[in-house]
Amino acid sequence: MFSGFMADTWTAVTIVAVIAGIVGFFVVLRDGAFAAHALPLGAFPGAAAASLLSVNTLFGLLAFGALGVAGIGRLRAGGRREVATALTLVTLLGVGALLLSLTTQYAAEIYALLFGQVLGVSRADLGPIAILGAVVALTAALAYRPLLLTAVAPELAEVQGTSAARMELVFLAILALATVLTLPVVGALLVFSLMVGPPAAARAFTARPLAALLLSVGIALPTAWGAVALSYATNWPVGFFVGTLSAGAYGIGALWSRLRAAPAPGRK
Amino acid sequence: MSRLAGLLLAAGFLTSAPVHTALLVGGGAAVISGVVGVFTVIRGQAFAGHALADVSSAGGSLAFLLGVNPILGFLGMAGAAAAGMEAVGVRRLRGRDLATGVVLGAGLALAALFLYLDSTTTSTTGAAITVMFGSMFAIPAATGRLAAVVGGAALAGVALMYRPLLLASVDADLAAAQGVRVGGAGLMYALVLALSVALSAVTVGAILSTALLIGPAATALRLSRRPGQAMLVAAAIGLAATWLGILLAYDSYVWTPGHGWPVSFFIVTLIMAAHLLASRGRA
C-alpha cells in the first residue's frame with residue numbers, strides 16, 4: 001500500500017484533501033452545495049473534449065469548468081440561483097453526451113472519470129495538481145475576508161464596497177479550479193461530497209471561522225486517506241468510500257450538535 | 001419533394017418499433033416531468049429534484065446487477081430517497097442544501113459500488129453509460145407498459161392533489177391555515193417526483209432527467225405566471241423537445257456516417273434553446 005507507485009497517489013490525495021477542506025469551508029458557509037455538485041459534473045465532459053482534440057485532460061476540464069462558472073453567473077441574473085445552476089449543469093452534460101459518443105473512449109475510462117481512480121495518478125500528474133492547489137489556496141487566503149463577509153453579512157459588505165455578486169463569481173472560480181484538480185482522483189460525481197461532509201462536520205464542532213476552516217481540512221484528510229486505503233484493500237471504487245465516509249463525518253457532526261443543543265435550548 | 005421528406009424523416013422512422021416505444025415513453029416522461037417540474041421550481045427545490053434523479057441511479061445500477069427491470073430499480077431508490085429527504089426536512093431553508101448534498105453523496109457512493117460490481121460480475125460493460133445517459137432506442141416493450149402504469153399513477157396523483165399541493169408549494173403557512181396537511185402534501189409531491197424521475201431516468205438517463213424536470217418548467221414560468229397554465233406550457237415544451245430530439249437523433253444516423261448522435265444531446269439542446277428564446281423575449 002505504501003510501495004513506490006503508491007507514493008504519488010498519497011501525495012496527490014493529500015493535496016486534494018487539503019484543497020477540498022479549504023474550499024468546502026466556503027461551500028458550506030455560502031450554502032453552495034448544488035454549485036459544488038454541478039461544477040465538477042459539468043466539467044467532466046471537458047475530459048472527453050480534451051481527448052477529441054488530443055490535448056491534456058486538465059485543459060478540457062478547465063475550459064468546461066470556466067463555461068460552468070460563466071453559465072451559472074450569466075443565467076442567474078434573470079432568475080433563481082438553483083434553477084440557473086441546474087440549467088447550466090444539464091446543458092454541459094447534454095454536450096457531454098455528444099462528446100462521449102464521438103470519442104472512442106472505453107466505458108471503463110468514463111466510469112473512472114465519474115467515480116474516481118486514485119491508482120491512476122502518475123508522477124507527471126503531480127506537478128499540475130500541486131500548482132493548481134497552490135493557486136486555489138492562495139486565492140482563498142487573499143479573498144478570505146470578503147468571501148466570509150459577503151456570505152455572513154451581505155449588506156455590511158455592500159456598505160464596505162465589496163460586491164456580493166463579484167465575490168460569488170470569485171467563489172465559483174475557486175470552486176471550479178479545485179474541481180479540476182480533484183476530479184481525476186475522486187471522480188466527477190463524488191468530488192462535492194468531500195467538499196460538503198467534512199466542512200459541515202467541522203462547523204458543528206466550532207463556530208469560529210478560522211478554527212472551522214482548519215478543522216475542515218483536518219477531517220477531510222483522514223476521510224480521503226481512509227477512502228484510498230480502503231479502496232486499495234478492497235479494489236472497490238474510491239468514490240464509494242469518499243461518499244460514505246463523508247456522509248459519516250456529517251452524521252457525527254449532526255449528532256454532536258444535537259447532543260450539545262439538547263441541554264441548552266435556544267442556542268443555534 | 002420526396003427527397004426533402006426523406007431528409008427530414010429518415011427511412012423507417014414511422015415503422016420502427018423501438019422508435020414507437022421511444023416516442024411513447026419519452027413523450028410520457030416529458031409531459032409528467034413538465035407538470036411536476038412546475039411544482040419543483042415553485043417550491044425552489046431544483047437541487048432536491050436533481051439529487052433525487054442522481055440517487056435513483058443507484059437503484060438503476062442495482063437493477064442491472066440483479067437483472068430486474070431498471071425502471072423498478074430507479075423507482076425504488078427514488079422513492080426511498082424522496083421519503084428520506086422529506087423526513088430530513090428539505091423544506092427548511094437553513095442547511096437544506098447541505099442535507100440534500102449529503103444524501104446525494106451517499107446515494108452516488110452506492111451507485112459507484114453497484115456499477116463497479118456490475119462491470120466485474122456481469123458482462124454488461126456499458127451499464128454506467130446506460131444508467132447515467134439513458135438508452136432511448138433500447139427500451140424493451142415490457143418497460144414501455146410498465147412506464148405507462150408509472151406515468152398514469154403520477155398524473156393521477158397530481159390531478160387528485162392539485163389544489164392542496166399547489167397551495168402548500170406556494171405558501172406553506174397559508175396552506176396550513178386553510179387546513180391543508182402540508183406534511184402530507186409534501187410527501188405526495190415527493191412521491192410524484194420520484195415517479196417522474198424514474199420515468200425520465202430510463203429515457204434520457206439519470207443525470208439528464210433534470211433537463212426535462214427543470215428546463216421546460218423554468219421556461220413556462222417565465223411565459224406564464226398562472227401555475228395551471230405553466231404546467232400545460234411546460235408539458236408542451238418538454239413533449240416537443242423530446243419528440244423532435246428523437247426524430248433528429250434518428251435522422252442523424254443518415255448524416256453522420258452510420259454512428260448517430262445521442263438523443264439526450266438533442267433534447268437538452270432544444271430545451272435550452274426554448275429557454276433562451278423565452279428569456280430573450282421577456283427581457
# chains A, B, ... in the order shown; residues from 1 in each chain; ligands from 1
$ closest_atom_pairs --of "chain B" --to "chain A" --cutoff "8 Å" --atoms "only C-alpha atoms" --output "Markdown table"
| residue | atom | partner | partner_atom | distance |
| --- | --- | --- | --- | --- |
| B:Val41 | CA | A:Val83 | CA | 7.3 |
| B:Gly44 | CA | A:Glu82 | CA | 7.6 |
| B:Gln45 | CA | A:Glu82 | CA | 7.9 |
| B:Ala46 | CA | A:Glu82 | CA | 6.0 |
| B:Phe47 | CA | A:Phe34 | CA | 6.1 |
| B:His50 | CA | A:Ala86 | CA | 7.6 |
| B:Gly95 | CA | A:Asp31 | CA | 7.3 |
| B:Asp97 | CA | A:Ala33 | CA | 5.8 |
| B:Leu98 | CA | A:Ala33 | CA | 6.0 |
| B:Gly101 | CA | A:Ala33 | CA | 5.9 |
| B:Val102 | CA | A:Ala247 | CA | 5.7 |
| B:Val103 | CA | A:Ala247 | CA | 7.5 |
| B:Gly105 | CA | A:Gly243 | CA | 5.2 |
| B:Ala106 | CA | A:Gly243 | CA | 5.1 |
| B:Leu108 | CA | A:Leu189 | CA | 6.9 |
| B:Ala109 | CA | A:Phe240 | CA | 4.0 |
| B:Leu110 | CA | A:Phe240 | CA | 6.2 |
| B:Ala111 | CA | A:Phe240 | CA | 7.9 |
| B:Ala112 | CA | A:Phe240 | CA | 5.6 |
| B:Leu113 | CA | A:Phe240 | CA | 5.8 |
| B:Tyr116 | CA | A:Pro237 | CA | 6.9 |
| B:Thr125 | CA | A:Ala107 | CA | 6.8 |
| B:Gly126 | CA | A:Ala107 | CA | 6.0 |
| B:Ala128 | CA | A:Tyr111 | CA | 6.4 |
| B:Ile129 | CA | A:Ala107 | CA | 7.2 |
| B:Phe133 | CA | A:Ala97 | CA | 6.9 |
| B:Ile207 | CA | A:Val90 | CA | 7.8 |
| B:Leu208 | CA | A:Val90 | CA | 6.0 |
| B:Thr210 | CA | A:Val90 | CA | 6.8 |
| B:Ala211 | CA | A:Val90 | CA | 5.6 |
| B:Ile214 | CA | A:Val83 | CA | 7.0 |
| B:Gly215 | CA | A:Leu87 | CA | 6.4 |
| B:Ala218 | CA | A:Val83 | CA | 7.3 |
| B:Trp261 | CA | A:Leu98 | CA | 6.2 |
| B:Pro262 | CA | A:Leu98 | CA | 6.0 |
| B:Ser264 | CA | A:Gly94 | CA | 6.2 |
| B:Phe265 | CA | A:Gly94 | CA | 4.5 |
| B:Phe266 | CA | A:Gly94 | CA | 7.7 |
| B:Val268 | CA | A:Gly94 | CA | 5.6 |
| B:Thr269 | CA | A:Thr91 | CA | 6.9 |
| B:Met272 | CA | A:Thr91 | CA | 7.1 |
| B:Ser279 | CA | A:Gly78 | CA | 7.8 |
$ select_by_dssp --residues "range 87-138 of chain A" --states "helix (DSSP H, G or I)" --output "MDAnalysis selection string"
chainID A and resid 87:102 107:115 118:120 123:138
$ atom_distance --atom1 "CA of Ser163 in chain A" --atom2 "CA of Phe26 in chain A"
16.7 Å
$ closest_residue --among "B:Leu212, B:Ala172, B:Met188, B:Val182" --to "Leu160 in chain B" --atoms "only C-alpha atoms"
B:Met188
$ residues_around --residues "Pro227 in chain B" --least-positions-apart "3" --cutoff "9 Å" --atoms "only C-alpha atoms" --output "PyMOL selection string"
chain B and resi 38-39+42+166+221+224+230-232
$ atom_distance --atom1 "CA of Thr162 in chain A" --atom2 "CA of Gly133 in chain A"
25.6 Å
$ residues_around --residues "range 17-21 of chain A" --least-positions-apart "5" --cutoff "9 Å" --atoms "only C-alpha atoms" --output "count of residues only"
28
$ residues_around --residues "range 236-248 of chain B" --least-positions-apart "3" --cutoff "7 Å" --atoms "only C-alpha atoms" --output "PyMOL selection string"
chain B and resi 23+26-27+30-31+34+212+216+232-233+251-252+263+266-267+270-271
$ write_last_selection --atoms "N, CA and C atoms" --output "mmCIF file, in the first residue's frame"
data_model
loop_
_atom_site.group_PDB
_atom_site.id
_atom_site.type_symbol
_atom_site.label_atom_id
_atom_site.label_comp_id
_atom_site.auth_asym_id
_atom_site.auth_seq_id
_atom_site.Cartn_x
_atom_site.Cartn_y
_atom_site.Cartn_z
ATOM 1 N N LEU B 23 -40.925 7.118 -28.573
ATOM 2 C CA LEU B 23 -41.852 8.248 -28.650
ATOM 3 C C LEU B 23 -42.853 8.199 -27.501
ATOM 4 N N GLY B 26 -40.713 8.325 -23.937
ATOM 5 C CA GLY B 26 -40.061 9.628 -23.853
ATOM 6 C C GLY B 26 -41.079 10.747 -23.750
ATOM 7 N N GLY B 27 -42.117 10.675 -24.585
ATOM 8 C CA GLY B 27 -43.156 11.697 -24.542
ATOM 9 C C GLY B 27 -43.858 11.726 -23.200
ATOM 10 N N ALA B 30 -41.670 13.275 -20.624
ATOM 11 C CA ALA B 30 -41.567 14.728 -20.798
ATOM 12 C C ALA B 30 -42.793 15.435 -20.244
ATOM 13 N N VAL B 31 -43.980 14.890 -20.550
ATOM 14 C CA VAL B 31 -45.217 15.533 -20.083
ATOM 15 C C VAL B 31 -45.266 15.548 -18.558
ATOM 16 N N GLY B 34 -42.698 17.843 -17.018
ATOM 17 C CA GLY B 34 -43.095 19.236 -17.163
ATOM 18 C C GLY B 34 -44.068 19.659 -16.083
ATOM 19 N N LEU B 212 -35.359 17.632 -18.296
ATOM 20 C CA LEU B 212 -36.797 17.558 -18.526
ATOM 21 C C LEU B 212 -37.580 18.130 -17.354
ATOM 22 N N PRO B 216 -38.125 22.844 -19.074
ATOM 23 C CA PRO B 216 -39.437 23.306 -19.545
ATOM 24 C C PRO B 216 -40.208 24.075 -18.475
ATOM 25 N N LEU B 232 -49.237 23.280 -18.401
ATOM 26 C CA LEU B 232 -49.561 22.884 -19.773
ATOM 27 C C LEU B 232 -48.442 23.288 -20.725
ATOM 28 N N VAL B 233 -47.956 24.531 -20.570
ATOM 29 C CA VAL B 233 -46.881 25.018 -21.427
ATOM 30 C C VAL B 233 -45.635 24.157 -21.259
ATOM 31 N N ASP B 251 -32.613 10.682 -37.444
ATOM 32 C CA ASP B 251 -32.104 11.182 -38.720
ATOM 33 C C ASP B 251 -30.581 11.248 -38.737
ATOM 34 N N SER B 252 -29.995 11.517 -37.564
ATOM 35 C CA SER B 252 -28.547 11.742 -37.528
ATOM 36 C C SER B 252 -27.779 10.493 -37.960
ATOM 37 N N VAL B 263 -29.630 10.923 -28.402
ATOM 38 C CA VAL B 263 -30.912 11.607 -28.247
ATOM 39 C C VAL B 263 -30.821 12.685 -27.168
ATOM 40 N N PHE B 266 -29.723 16.118 -28.261
ATOM 41 C CA PHE B 266 -30.711 16.911 -29.000
ATOM 42 C C PHE B 266 -31.787 17.447 -28.062
ATOM 43 N N ILE B 267 -32.269 16.607 -27.156
ATOM 44 C CA ILE B 267 -33.361 17.031 -26.270
ATOM 45 C C ILE B 267 -32.905 18.193 -25.394
ATOM 46 N N LEU B 270 -32.491 21.413 -27.432
ATOM 47 C CA LEU B 270 -33.775 22.023 -27.795
ATOM 48 C C LEU B 270 -34.413 22.702 -26.587
ATOM 49 N N ILE B 271 -34.343 22.047 -25.424
ATOM 50 C CA ILE B 271 -34.933 22.623 -24.213
ATOM 51 C C ILE B 271 -34.239 23.935 -23.863
#
$ closest_residue --among "B:Leu223, B:Val150, B:Met85, B:Ala80" --to "Arg280 in chain B" --atoms "only C-alpha atoms"
B:Leu223
$ residues_around --residues "Thr219 in chain B" --least-positions-apart "6" --cutoff "8 Å" --atoms "only C-alpha atoms" --output "list in words"
Ala234, Ala274, His275, Ala278 and Ser279 of chain B
$ write_last_selection --atoms "N, CA and C atoms" --output "mmCIF file, in the first residue's frame"
data_model
loop_
_atom_site.group_PDB
_atom_site.id
_atom_site.type_symbol
_atom_site.label_atom_id
_atom_site.label_comp_id
_atom_site.auth_asym_id
_atom_site.auth_seq_id
_atom_site.Cartn_x
_atom_site.Cartn_y
_atom_site.Cartn_z
ATOM 1 N N ALA B 234 -45.284 23.869 -19.980
ATOM 2 C CA ALA B 234 -44.085 23.069 -19.700
ATOM 3 C C ALA B 234 -44.197 21.686 -20.328
ATOM 4 N N ALA B 274 -35.195 26.734 -26.248
ATOM 5 C CA ALA B 274 -36.511 27.281 -25.895
ATOM 6 C C ALA B 274 -36.385 28.228 -24.704
ATOM 7 N N HIS B 275 -35.569 27.827 -23.734
ATOM 8 C CA HIS B 275 -35.418 28.661 -22.530
ATOM 9 C C HIS B 275 -34.774 30.005 -22.868
ATOM 10 N N ALA B 278 -37.230 32.229 -24.719
ATOM 11 C CA ALA B 278 -38.253 32.778 -23.825
ATOM 12 C C ALA B 278 -37.667 33.892 -22.964
ATOM 13 N N SER B 279 -36.434 33.713 -22.462
ATOM 14 C CA SER B 279 -35.802 34.735 -21.625
ATOM 15 C C SER B 279 -35.566 35.999 -22.435
#
$ residues_around --residues "Val192 in chain B" --least-positions-apart "6" --cutoff "12 Å" --atoms "only C-alpha atoms" --output "PDB file with N, CA and C atoms, in the first residue's frame"
ATOM      1  N   ILE B  32     -44.988  14.393 -17.959  1.00  0.00           N
ATOM      2  CA  ILE B  32     -45.081  14.309 -16.496  1.00  0.00           C
ATOM      3  C   ILE B  32     -44.005  15.161 -15.826  1.00  0.00           C
ATOM      4  N   SER B  33     -42.782  15.138 -16.382  1.00  0.00           N
ATOM      5  CA  SER B  33     -41.710  15.958 -15.822  1.00  0.00           C
ATOM      6  C   SER B  33     -42.068  17.443 -15.901  1.00  0.00           C
ATOM      7  N   VAL B  35     -45.079  18.815 -15.848  1.00  0.00           N
ATOM      8  CA  VAL B  35     -46.100  19.133 -14.839  1.00  0.00           C
ATOM      9  C   VAL B  35     -45.484  19.164 -13.443  1.00  0.00           C
ATOM     10  N   VAL B  36     -44.745  18.113 -13.100  1.00  0.00           N
ATOM     11  CA  VAL B  36     -44.149  18.025 -11.762  1.00  0.00           C
ATOM     12  C   VAL B  36     -43.084  19.107 -11.575  1.00  0.00           C
ATOM     13  N   GLY B  37     -42.359  19.396 -12.693  1.00  0.00           N
ATOM     14  CA  GLY B  37     -41.282  20.373 -12.625  1.00  0.00           C
ATOM     15  C   GLY B  37     -41.759  21.755 -12.211  1.00  0.00           C
ATOM     16  N   PHE B  39     -44.098  22.413 -10.066  1.00  0.00           N
ATOM     17  CA  PHE B  39     -44.110  22.356  -8.596  1.00  0.00           C
ATOM     18  C   PHE B  39     -42.683  22.491  -8.049  1.00  0.00           C
ATOM     19  N   THR B  40     -41.748  21.773  -8.677  1.00  0.00           N
ATOM     20  CA  THR B  40     -40.362  21.770  -8.190  1.00  0.00           C
ATOM     21  C   THR B  40     -39.780  23.177  -8.207  1.00  0.00           C
ATOM     22  N   GLY B  49     -34.623  17.974  -6.660  1.00  0.00           N
ATOM     23  CA  GLY B  49     -35.102  17.220  -7.804  1.00  0.00           C
ATOM     24  C   GLY B  49     -33.961  16.558  -8.552  1.00  0.00           C
ATOM     25  N   LEU B  52     -32.430  13.729  -6.407  1.00  0.00           N
ATOM     26  CA  LEU B  52     -33.264  12.532  -6.431  1.00  0.00           C
ATOM     27  C   LEU B  52     -32.941  11.679  -7.655  1.00  0.00           C
ATOM     28  N   LEU B  75     -37.190   3.466  -9.597  1.00  0.00           N
ATOM     29  CA  LEU B  75     -38.367   3.844  -8.825  1.00  0.00           C
ATOM     30  C   LEU B  75     -38.152   3.587  -7.334  1.00  0.00           C
ATOM     31  N   ALA B  78     -35.504   6.067  -5.955  1.00  0.00           N
ATOM     32  CA  ALA B  78     -36.018   7.438  -5.956  1.00  0.00           C
ATOM     33  C   ALA B  78     -37.073   7.606  -4.868  1.00  0.00           C
ATOM     34  N   GLY B  79     -37.930   6.591  -4.714  1.00  0.00           N
ATOM     35  CA  GLY B  79     -38.967   6.657  -3.682  1.00  0.00           C
ATOM     36  C   GLY B  79     -38.356   6.721  -2.298  1.00  0.00           C
ATOM     37  N   ALA B  82     -36.709  10.103  -1.799  1.00  0.00           N
ATOM     38  CA  ALA B  82     -37.700  11.175  -1.657  1.00  0.00           C
ATOM     39  C   ALA B  82     -38.276  11.177  -0.244  1.00  0.00           C
ATOM     40  N   ALA B  83     -38.645   9.992   0.234  1.00  0.00           N
ATOM     41  CA  ALA B  83     -39.182   9.892   1.589  1.00  0.00           C
ATOM     42  C   ALA B  83     -38.129  10.332   2.597  1.00  0.00           C
ATOM     43  N   VAL B 150     -46.627   3.678 -14.503  1.00  0.00           N
ATOM     44  CA  VAL B 150     -45.970   4.652 -13.623  1.00  0.00           C
ATOM     45  C   VAL B 150     -46.408   6.076 -13.955  1.00  0.00           C
ATOM     46  N   GLY B 151     -46.424   6.364 -15.260  1.00  0.00           N
ATOM     47  CA  GLY B 151     -46.817   7.702 -15.691  1.00  0.00           C
ATOM     48  C   GLY B 151     -48.258   8.010 -15.332  1.00  0.00           C
ATOM     49  N   GLY B 152     -49.125   7.032 -15.552  1.00  0.00           N
ATOM     50  CA  GLY B 152     -50.536   7.220 -15.204  1.00  0.00           C
ATOM     51  C   GLY B 152     -50.709   7.505 -13.723  1.00  0.00           C
ATOM     52  N   ALA B 153     -49.984   6.762 -12.897  1.00  0.00           N
ATOM     53  CA  ALA B 153     -50.070   6.948 -11.443  1.00  0.00           C
ATOM     54  C   ALA B 153     -49.619   8.352 -11.056  1.00  0.00           C
ATOM     55  N   ALA B 154     -48.539   8.834 -11.686  1.00  0.00           N
ATOM     56  CA  ALA B 154     -48.027  10.166 -11.354  1.00  0.00           C
ATOM     57  C   ALA B 154     -49.035  11.246 -11.719  1.00  0.00           C
ATOM     58  N   LEU B 155     -49.603  11.136 -12.932  1.00  0.00           N
ATOM     59  CA  LEU B 155     -50.579  12.137 -13.368  1.00  0.00           C
ATOM     60  C   LEU B 155     -51.821  12.115 -12.491  1.00  0.00           C
ATOM     61  N   ALA B 156     -52.272  10.903 -12.134  1.00  0.00           N
ATOM     62  CA  ALA B 156     -53.449  10.777 -11.274  1.00  0.00           C
ATOM     63  C   ALA B 156     -53.168  11.428  -9.921  1.00  0.00           C
ATOM     64  N   GLY B 157     -51.945  11.211  -9.407  1.00  0.00           N
ATOM     65  CA  GLY B 157     -51.576  11.806  -8.119  1.00  0.00           C
ATOM     66  C   GLY B 157     -51.653  13.315  -8.165  1.00  0.00           C
ATOM     67  N   VAL B 158     -51.106  13.904  -9.234  1.00  0.00           N
ATOM     68  CA  VAL B 158     -51.136  15.368  -9.360  1.00  0.00           C
ATOM     69  C   VAL B 158     -52.579  15.854  -9.490  1.00  0.00           C
ATOM     70  N   ALA B 159     -53.380  15.169 -10.328  1.00  0.00           N
ATOM     71  CA  ALA B 159     -54.754  15.598 -10.563  1.00  0.00           C
ATOM     72  C   ALA B 159     -55.564  15.569  -9.271  1.00  0.00           C
ATOM     73  N   LEU B 160     -55.397  14.502  -8.497  1.00  0.00           N
ATOM     74  CA  LEU B 160     -56.168  14.343  -7.259  1.00  0.00           C
ATOM     75  C   LEU B 160     -55.791  15.403  -6.222  1.00  0.00           C
ATOM     76  N   MET B 161     -54.486  15.722  -6.161  1.00  0.00           N
ATOM     77  CA  MET B 161     -53.993  16.575  -5.078  1.00  0.00           C
ATOM     78  C   MET B 161     -53.678  17.987  -5.558  1.00  0.00           C
ATOM     79  N   TYR B 162     -54.197  18.362  -6.743  1.00  0.00           N
ATOM     80  CA  TYR B 162     -53.745  19.600  -7.374  1.00  0.00           C
ATOM     81  C   TYR B 162     -53.823  20.814  -6.459  1.00  0.00           C
ATOM     82  N   LEU B 165     -51.721  20.648  -3.104  1.00  0.00           N
ATOM     83  CA  LEU B 165     -50.301  20.561  -3.464  1.00  0.00           C
ATOM     84  C   LEU B 165     -49.790  21.933  -3.881  1.00  0.00           C
ATOM     85  N   ALA B 185     -49.018  16.798   1.924  1.00  0.00           N
ATOM     86  CA  ALA B 185     -48.838  17.312   0.570  1.00  0.00           C
ATOM     87  C   ALA B 185     -47.389  17.182   0.145  1.00  0.00           C
ATOM     88  N   GLY B 186     -46.467  17.456   1.082  1.00  0.00           N
ATOM     89  CA  GLY B 186     -45.043  17.338   0.778  1.00  0.00           C
ATOM     90  C   GLY B 186     -44.678  15.913   0.410  1.00  0.00           C
ATOM     91  N   ALA B 198     -38.061   8.532 -12.129  1.00  0.00           N
ATOM     92  CA  ALA B 198     -37.795   7.159 -12.568  1.00  0.00           C
ATOM     93  C   ALA B 198     -38.101   7.007 -14.048  1.00  0.00           C
ATOM     94  N   LEU B 199     -39.180   7.659 -14.466  1.00  0.00           N
ATOM     95  CA  LEU B 199     -39.614   7.561 -15.854  1.00  0.00           C
ATOM     96  C   LEU B 199     -38.598   8.207 -16.792  1.00  0.00           C
TER      97      LEU B 199
END
